[in-house]
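S.K.: Please find one structure pasted underneath; my questions will follow.
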Amino acid sequence: MERKVLVVDDEKVIRDLLFQALGQFGGFLVELAESGDEALKKVKENKFDLVLTDMRMRGMDGLQLVDEITKIRPEIVTVVMSGHGTIESALEAMRRGASDFLTKPLNLPEMMIRLHKVLEERQRITRLGDFIDQLEKSLQEMRKVDEIKSEFVSVASHELRTPLAAIKNAIQLLLKGKAGTVNETQVKFLSMAERNINRLTNILNELLDLSRIESGRMVMKFEELDLQSLFEFILSSFKSQVEGKGIKLRTETPPEVHKVYGDRDKVEQILTNLIGNALKFMPEGGEIAISAQPLYADGKMMAIAVKDSGIGIPNDQLDKIFEKFHQVEGSLQRSVGGTGLGLAITKGLVEAHQGKIFVESEMGKGSTFTFTLPLAEGEKREPRFRFILDREFHQAQAGRSSLSLFLIEVGEEREEEKEALLKQVEKEMKKCLCRQSDILLRRERDKLLVAICAADRKGAQVIRQRIEEKFKKKSLTGESLPSTVKIGTATYPEEALTRRDLFRKAKERLRGKK
Amino acid sequence: MSPKKILIVDDEVDLVETIRFPLELEGFQVLVSYNGEEGLNLARKENPNLILLDLMLPKLDGYKVCRLLKFDERFKHIPILMLTAKTQEKDRILGMETGADEYITKPFDLDQLVEKVKAYLSAKE
């Protein structure tokens, strides 16, 4: 393809020379202009690949022309020509967007090489830009597809649930003899139908869980969890299953540290999945041991291990078992059932706690699944607070929802009074936070109350007004808040776009800055 | 003593039948409505002892029916068990905020549902 060049010079001799050189020997299509103004007009009306312009001209000079072209046609490559006296302005033109400059008198072979070079370079950059545009477009499309997929899974499982419920109920009614006596064979087949309805329900639930995890729409309700009692609960829920198979299930927790920070339902689900998995592949008389051990190296996490004496997992499968729909080949999988989603969900749930999960296994001896959860005790209160704010912030970002942060401080001099007032504020604040997902914490070190709630700026104002009203009712003097109580708030995304910013803004307002 | 009245509000005709049947076997009088508006009117007229309420209903959704009853001095004592195919946590929270006594996701265990209904009704005595 022939490249189109516009030559701009007020000297006719130069124009003629370049017309010949570029057109006849250089293989360009050449147009000529006598002045900057004429050039600009031509640039507006035609498509050029390159504009070669003199610097010093009457009227609009080369520098101005480069400026204009960069503004209206940034895709055109500009090269300036200058005599000795105008080198400085040629450099300035380069700074403003010209690709190269040539000095007069012109060296024609050099000029050809330079012009081809800048054009090639421009072409490469354009291609790269196109490529980036394409990448961005397909990334956007992928995100959209992913959203549609999540939406589909959620709608589909919802639509499937209602008919499933009717079938399940009808079978149950028949099976229980509520609609007349059923014989043994009928019971057998009805039980089969019931079992498979339950299996279908499980698959639905797992699909939904996974799509929620993947889209970051899972709601987490964090609290301090006592591992001892959690383990006891798990033991009792597996009691009949374990005894039926003649399997020993035991637990051990460390003597001193046994509190972690997590969502109770989700942690239970993690343990239930891992133990349930172990049970599936367990010979009679086997043993499952659950233990917990703080990771001192890291100081913030607790490692919880589920160790079984089952058949083990082949080495080459170890890194794949956490993938979706993966089932260990040649295993009893078909006979024990399962969707191949359980471990993918487990991994997602662990990661939602900012933990990690890994597995060790030896064929014929058994496997150990170990996962980590944040510790919640003693000295670890600070990281815990940061952890929660991180977590909530991340969720608000992913779910495109609002988040308000409240910092509340009591400036009372005397310790007992301070404590009493703080307790009172805490109590009132609790009443004002109405959603289950709202969080109220106390930072022990500096006696600071922190509330995190899913409210926008307006919502935060309402909460603030509500707490002021509560105090007004109780106060004798009618003041809305005791003068020693200070509240600072900030809202994502209206007032702050990062977690750090959110905290800083709330803190500034607490200190009375606007 | 006249039998206890239970109102089922759900637009899924088949599902309603499978719930109505065992409840009637237990000796309850079962009233049925297939949309929210009619369900609300029926509840106000008949003053049932318990309501099984679906969330997604034609005309008036279950949240609204529940709120209108629970914020009404005359009817707020009636236990409302929400039945729904929605399992999202945020739906659960919303369901609870409207004052529903319980939130049951479909599919459920029919025996357990009947037991639950009986427990609510005997607690009221």
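Ordered as shown in the structure tokens, chains take letters A, B, and onward, while each chain numbers its residues from 1 and ligands are numbered from 1 in the order shown.
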Write out as a tab-separated table the residues of chain B that have any atom within 8 Å of an atom of chain A, one row each with the nearest atom pair and its distance in Å to one decimal, counting only C-alpha atoms, sorted by chain and then rising number.
M.R.:
```
residue	atom	partner	partner_atom	distance
B:Glu12	CA	A:Thr162	CA	7.8
B:Asp14	CA	A:Ala166	CA	6.3
B:Leu15	CA	A:Ala166	CA	4.5
B:Thr18	CA	A:Asn169	CA	5.8
B:Ile19	CA	A:Asn169	CA	7.5
B:Pro22	CA	A:Lys178	CA	7.3
B:Ala85	CA	A:His158	CA	5.5
B:Lys86	CA	A:His158	CA	6.1
B:Glu89	CA	A:Val219	CA	6.7
B:Lys90	CA	A:Val219	CA	7.7
B:Ile93	CA	A:Gln436	CA	6.9
B:Lys106	CA	A:Ala165	CA	5.7
B:Pro107	CA	A:Ala165	CA	4.0
B:Phe108	CA	A:Ala165	CA	6.6
B:Asp109	CA	A:Asn169	CA	7.4
B:Leu110	CA	A:Asn169	CA	5.9
```
S.K.: Residues of segment 17-92 of chain B classed as strand (DSSP E or B) by DSSP on the backbone are to be reported as a list in words.
M.R.: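 The strand (DSSP E or B) residues within segment 17-92 of chain B come out as Gln29, Val30, Leu31, Val32, Ser33, Leu50, Ile51, Leu52, Leu53, Asp54, Ile80, Leu81, Met82, Leu83 and Thr84 of chain B.
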S.K.: Excluding Ser237 of chain A and residues on its chain fewer than 4 positions from it, collect all residues at most 12 Å away from it, counting only C-alpha atoms, and give them as a list in words.
M.R.: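 Contacts, with the query itself left out: Leu230, Phe231, Glu232, Phe233, Gln241, Val242, Glu243, Leu249, Glu268, Gln269, Leu271, Thr272, Ile275 and Gly276 of chain A.
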S.K.: Now that the selection is made, can you save its residues with all heavy atoms as a short mmCIF file (atom, residue, chain, number, x, y, z; two decimals), in the first residue's frame?
M.R.:
```
data_model
loop_
_atom_site.label_atom_id
_atom_site.label_comp_id
_atom_site.auth_asym_id
_atom_site.auth_seq_id
_atom_site.Cartn_x
_atom_site.Cartn_y
_atom_site.Cartn_z
N LEU A 230 -16.64 -26.31 68.75
CA LEU A 230 -16.91 -26.56 67.34
C LEU A 230 -16.62 -28.03 67.01
O LEU A 230 -17.43 -28.70 66.36
CB LEU A 230 -16.02 -25.65 66.48
CG LEU A 230 -16.40 -25.53 65.03
CD1 LEU A 230 -17.57 -24.60 64.85
CD2 LEU A 230 -15.22 -25.04 64.21
N PHE A 231 -15.49 -28.52 67.49
CA PHE A 231 -15.12 -29.92 67.25
C PHE A 231 -16.14 -30.86 67.88
O PHE A 231 -16.51 -31.87 67.31
CB PHE A 231 -13.72 -30.21 67.81
CG PHE A 231 -12.59 -29.69 66.95
CD1 PHE A 231 -12.86 -28.93 65.82
CD2 PHE A 231 -11.28 -29.96 67.27
CE1 PHE A 231 -11.83 -28.45 65.04
CE2 PHE A 231 -10.24 -29.48 66.49
CZ PHE A 231 -10.51 -28.72 65.37
N GLU A 232 -16.57 -30.50 69.09
CA GLU A 232 -17.55 -31.35 69.76
C GLU A 232 -18.85 -31.43 68.96
O GLU A 232 -19.44 -32.50 68.81
CB GLU A 232 -17.84 -30.82 71.17
CG GLU A 232 -16.84 -31.34 72.20
CD GLU A 232 -16.84 -30.50 73.46
OE1 GLU A 232 -17.86 -29.84 73.75
OE2 GLU A 232 -15.81 -30.50 74.15
N PHE A 233 -19.25 -30.29 68.44
CA PHE A 233 -20.46 -30.26 67.63
C PHE A 233 -20.32 -31.18 66.40
O PHE A 233 -21.20 -31.96 66.07
CB PHE A 233 -20.76 -28.83 67.19
CG PHE A 233 -21.89 -28.73 66.20
CD1 PHE A 233 -23.21 -28.75 66.64
CD2 PHE A 233 -21.64 -28.63 64.84
CE1 PHE A 233 -24.25 -28.66 65.73
CE2 PHE A 233 -22.68 -28.55 63.93
CZ PHE A 233 -23.98 -28.57 64.38
N GLN A 241 -23.16 -41.88 61.89
CA GLN A 241 -22.50 -42.31 60.65
C GLN A 241 -21.22 -43.08 60.94
O GLN A 241 -20.93 -44.09 60.33
CB GLN A 241 -22.14 -41.06 59.84
CG GLN A 241 -22.93 -40.94 58.56
CD GLN A 241 -22.47 -39.71 57.82
OE1 GLN A 241 -22.55 -38.60 58.34
NE2 GLN A 241 -21.97 -39.89 56.62
N VAL A 242 -20.45 -42.55 61.89
CA VAL A 242 -19.16 -43.12 62.23
C VAL A 242 -19.34 -44.48 62.91
O VAL A 242 -18.67 -45.47 62.57
CB VAL A 242 -18.39 -42.15 63.15
CG1 VAL A 242 -17.20 -42.84 63.78
CG2 VAL A 242 -17.96 -40.93 62.37
N GLU A 243 -20.28 -44.53 63.84
CA GLU A 243 -20.51 -45.78 64.55
C GLU A 243 -21.02 -46.85 63.61
O GLU A 243 -20.63 -48.01 63.72
CB GLU A 243 -21.49 -45.55 65.71
CG GLU A 243 -20.81 -44.95 66.92
CD GLU A 243 -21.79 -44.49 67.98
OE1 GLU A 243 -23.01 -44.63 67.76
OE2 GLU A 243 -21.32 -43.97 69.01
N LEU A 249 -13.53 -41.66 65.39
CA LEU A 249 -13.35 -40.24 65.07
C LEU A 249 -12.94 -39.53 66.34
O LEU A 249 -13.66 -39.55 67.34
CB LEU A 249 -14.68 -39.66 64.53
CG LEU A 249 -14.72 -38.17 64.19
CD1 LEU A 249 -13.74 -37.81 63.10
CD2 LEU A 249 -16.12 -37.77 63.75
N GLU A 268 -17.97 -24.91 59.82
CA GLU A 268 -18.61 -26.22 60.00
C GLU A 268 -18.70 -26.95 58.67
O GLU A 268 -18.45 -28.15 58.58
CB GLU A 268 -20.02 -26.04 60.58
CG GLU A 268 -20.04 -25.95 62.08
CD GLU A 268 -21.43 -25.63 62.60
OE1 GLU A 268 -22.42 -25.83 61.87
OE2 GLU A 268 -21.51 -25.16 63.73
N GLN A 269 -19.03 -26.20 57.64
CA GLN A 269 -19.14 -26.80 56.30
C GLN A 269 -17.79 -27.33 55.83
O GLN A 269 -17.71 -28.41 55.23
CB GLN A 269 -19.68 -25.76 55.32
CG GLN A 269 -20.27 -26.37 54.07
CD GLN A 269 -20.78 -25.31 53.11
OE1 GLN A 269 -20.97 -24.15 53.48
NE2 GLN A 269 -20.98 -25.68 51.87
N LEU A 271 -15.29 -28.40 57.70
CA LEU A 271 -14.99 -29.62 58.44
C LEU A 271 -15.89 -30.77 58.01
O LEU A 271 -15.43 -31.90 57.83
CB LEU A 271 -15.15 -29.37 59.95
CG LEU A 271 -13.97 -28.62 60.59
CD1 LEU A 271 -14.32 -28.16 61.99
CD2 LEU A 271 -12.74 -29.52 60.63
N THR A 272 -17.17 -30.48 57.82
CA THR A 272 -18.12 -31.52 57.40
C THR A 272 -17.72 -32.10 56.05
O THR A 272 -17.73 -33.31 55.85
CB THR A 272 -19.54 -30.94 57.31
OG1 THR A 272 -19.84 -30.32 58.55
CG2 THR A 272 -20.55 -32.03 57.05
N ILE A 275 -14.44 -34.27 56.56
CA ILE A 275 -14.70 -35.51 57.28
C ILE A 275 -15.59 -36.43 56.43
O ILE A 275 -15.33 -37.63 56.32
CB ILE A 275 -15.36 -35.24 58.65
CG1 ILE A 275 -14.40 -34.45 59.53
CG2 ILE A 275 -15.73 -36.55 59.34
CD1 ILE A 275 -15.03 -33.88 60.77
N GLY A 276 -16.59 -35.84 55.81
CA GLY A 276 -17.48 -36.62 54.94
C GLY A 276 -16.70 -37.29 53.82
O GLY A 276 -16.90 -38.46 53.51
#
```
S.K.: What lies within 10 Å of Gln465 of chain A using only C-alpha atoms, ignoring chain neighbours under 5 positions off, as number ranges by chain?
M.R.: A: 432, 459-460, 470-471, 480
S.K.: Store the residues of this selection in a file with all heavy atoms, as a compact mmCIF listing (two decimals), in the first residue's frame.
M.R.:
```
# COMPACT_ATOMS: atom_id res chain seq x y z
N CYS A 432 -28.84 0.24 67.04
CA CYS A 432 -29.00 1.00 65.80
C CYS A 432 -28.58 0.22 64.57
O CYS A 432 -29.04 0.49 63.47
CB CYS A 432 -28.18 2.28 65.86
SG CYS A 432 -28.77 3.39 67.11
N GLY A 459 -27.47 6.28 54.79
CA GLY A 459 -27.73 5.29 55.82
C GLY A 459 -26.89 5.55 57.06
O GLY A 459 -27.37 5.44 58.19
N ALA A 460 -25.65 5.95 56.83
CA ALA A 460 -24.76 6.23 57.96
C ALA A 460 -25.29 7.42 58.76
O ALA A 460 -25.24 7.43 59.99
CB ALA A 460 -23.35 6.50 57.45
N LYS A 470 -31.31 8.33 70.74
CA LYS A 470 -31.33 7.42 71.89
C LYS A 470 -30.72 8.09 73.11
O LYS A 470 -31.19 7.95 74.23
CB LYS A 470 -30.56 6.13 71.57
CG LYS A 470 -31.19 5.34 70.49
CD LYS A 470 -31.42 3.89 70.87
CE LYS A 470 -32.30 3.34 69.81
NZ LYS A 470 -32.64 2.03 69.70
N PHE A 471 -29.63 8.81 72.88
CA PHE A 471 -28.97 9.48 74.00
C PHE A 471 -29.79 10.65 74.52
O PHE A 471 -29.85 10.90 75.71
CB PHE A 471 -27.57 9.94 73.59
CG PHE A 471 -26.53 8.92 73.88
CD1 PHE A 471 -26.07 8.07 72.90
CD2 PHE A 471 -26.03 8.77 75.17
CE1 PHE A 471 -25.13 7.11 73.19
CE2 PHE A 471 -25.09 7.82 75.47
CZ PHE A 471 -24.63 6.98 74.47
N SER A 480 -27.58 15.88 72.70
CA SER A 480 -27.72 14.71 71.86
C SER A 480 -26.67 13.65 72.16
O SER A 480 -26.97 12.47 72.21
CB SER A 480 -27.67 15.11 70.39
OG SER A 480 -26.51 15.85 70.15
```
S.K.: Write out as a ChimeraX atom specification which residues come within 9 Å of Gly36 of chain B when counting only C-alpha atoms, dropping same-chain ones fewer than 2 positions away.
M.R.: /B:9-11,33-34,38-41,53-54,56-62,64-65
S.K.: Using N, CA, C and O atoms, can you write the selected residues to a file as a compact mmCIF listing (two decimals), in the first residue's frame?
M.R.:
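The new file out-v6.txt reads:
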```txt
# COMPACT_ATOMS: atom_id res chain seq x y z
N VAL B 9 -50.24 -20.27 51.72
CA VAL B 9 -50.25 -19.34 50.60
C VAL B 9 -49.07 -19.67 49.70
O VAL B 9 -47.92 -19.42 50.06
N ASP B 10 -49.33 -20.27 48.56
CA ASP B 10 -48.27 -20.68 47.64
C ASP B 10 -48.91 -20.87 46.27
O ASP B 10 -50.01 -21.41 46.18
N ASP B 11 -48.24 -20.42 45.21
CA ASP B 11 -48.85 -20.54 43.89
C ASP B 11 -48.53 -21.87 43.21
O ASP B 11 -48.97 -22.11 42.09
N SER B 33 -54.54 -20.55 49.55
CA SER B 33 -54.66 -19.42 48.63
C SER B 33 -53.48 -19.45 47.69
O SER B 33 -52.36 -19.75 48.09
N TYR B 34 -53.72 -19.14 46.41
CA TYR B 34 -52.65 -19.24 45.42
C TYR B 34 -52.03 -17.89 45.06
O TYR B 34 -51.19 -17.82 44.18
N GLU B 38 -54.98 -12.45 47.85
CA GLU B 38 -56.07 -13.25 48.37
C GLU B 38 -55.67 -13.88 49.70
O GLU B 38 -56.47 -13.94 50.64
N GLY B 39 -54.41 -14.31 49.77
CA GLY B 39 -53.90 -14.91 51.01
C GLY B 39 -54.02 -13.95 52.18
O GLY B 39 -54.42 -14.31 53.29
N LEU B 40 -53.65 -12.69 51.92
CA LEU B 40 -53.71 -11.67 52.97
C LEU B 40 -55.15 -11.46 53.44
O LEU B 40 -55.44 -11.43 54.64
N ASN B 41 -56.06 -11.36 52.45
CA ASN B 41 -57.47 -11.16 52.80
C ASN B 41 -58.03 -12.34 53.59
O ASN B 41 -58.76 -12.16 54.57
N LEU B 53 -46.17 -19.56 54.26
CA LEU B 53 -46.19 -18.49 53.27
C LEU B 53 -45.03 -18.60 52.30
O LEU B 53 -43.87 -18.63 52.72
N ASP B 54 -45.31 -18.66 51.03
CA ASP B 54 -44.27 -18.66 50.01
C ASP B 54 -43.78 -17.23 49.81
O ASP B 54 -44.49 -16.27 50.09
N MET B 56 -42.19 -15.92 46.73
CA MET B 56 -42.48 -15.37 45.40
C MET B 56 -43.92 -15.69 45.05
O MET B 56 -44.23 -16.82 44.70
N LEU B 57 -44.77 -14.69 45.15
CA LEU B 57 -46.19 -14.91 44.91
C LEU B 57 -46.72 -13.90 43.90
O LEU B 57 -46.21 -12.78 43.83
N PRO B 58 -47.73 -14.29 43.13
CA PRO B 58 -48.34 -13.29 42.26
C PRO B 58 -49.10 -12.24 43.07
O PRO B 58 -49.54 -12.52 44.19
N LYS B 59 -49.21 -11.07 42.49
CA LYS B 59 -49.96 -9.93 43.05
C LYS B 59 -49.29 -9.25 44.24
O LYS B 59 -49.00 -8.08 44.22
N LEU B 60 -49.05 -10.00 45.32
CA LEU B 60 -48.42 -9.39 46.49
C LEU B 60 -47.39 -10.40 46.98
O LEU B 60 -47.75 -11.54 47.25
N ASP B 61 -46.09 -10.01 47.07
CA ASP B 61 -45.12 -11.04 47.43
C ASP B 61 -45.16 -11.36 48.93
O ASP B 61 -45.76 -10.63 49.73
N GLY B 62 -44.54 -12.48 49.26
CA GLY B 62 -44.59 -12.99 50.62
C GLY B 62 -44.05 -12.04 51.67
O GLY B 62 -44.55 -11.95 52.78
N LYS B 64 -44.24 -8.83 51.69
CA LYS B 64 -45.22 -7.78 51.99
C LYS B 64 -46.36 -8.35 52.81
O LYS B 64 -46.81 -7.72 53.79
N VAL B 65 -46.84 -9.55 52.40
CA VAL B 65 -47.91 -10.18 53.17
C VAL B 65 -47.48 -10.33 54.62
O VAL B 65 -48.21 -9.98 55.55
```
S.K.: Quick one: residues within 10 Å of Leu102 of chain A, only C-alpha atoms, excluding same-chain residues fewer than 6 positions away - as an MDAnalysis selection string?
M.R.: chainID A and resid 52:54 79:83 87 90 110:111 114:115
S.K.: Report, in Å to a single decimal, how far apart atom CA of Ala376 of chain A and atom CA of Ala420 of chain A are.
M.R.: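 Result for atom CA of Ala420 of chain A versus atom CA of Ala376 of chain A: 24.9 Å, one decimal.
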S.K.: List every residue of segment 30-223 of chain A that DSSP, applied to the backbone of this structure, assigns to helix (DSSP H, G or I), and report them as a ChimeraX atom specification.
M.R.: /A:36-45,62-72,84-95,108-175,184-215
S.K.: Would you pick out the contacts of segment 22-33 of chain A at 8 Å or less, using only C-alpha atoms, so that residues sharing its chain but fewer than 4 positions from it are not included, and give the list as a CSV table (one decimal) with C-alpha atoms, in the first residue's frame?
M.R.:
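Output below, filename part.csv:
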```
chain,number,residue,atom,x,y,z
A,2,GLU,CA,1.3,3.4,-0.9
A,3,ARG,CA,1.8,5.8,2.0
A,4,LYS,CA,0.5,9.3,1.7
A,5,VAL,CA,2.8,12.2,2.6
A,6,LEU,CA,2.0,15.9,2.9
A,7,VAL,CA,5.0,18.1,2.4
A,8,VAL,CA,4.7,21.6,3.9
A,9,ASP,CA,7.2,24.3,2.9
A,10,ASP,CA,7.0,27.9,1.8
A,15,ARG,CA,8.5,21.5,-2.4
A,18,LEU,CA,10.7,16.6,-2.2
A,38,GLU,CA,-3.2,25.2,3.9
A,39,ALA,CA,-1.6,22.1,5.4
A,112,MET,CA,14.2,8.2,3.1
```
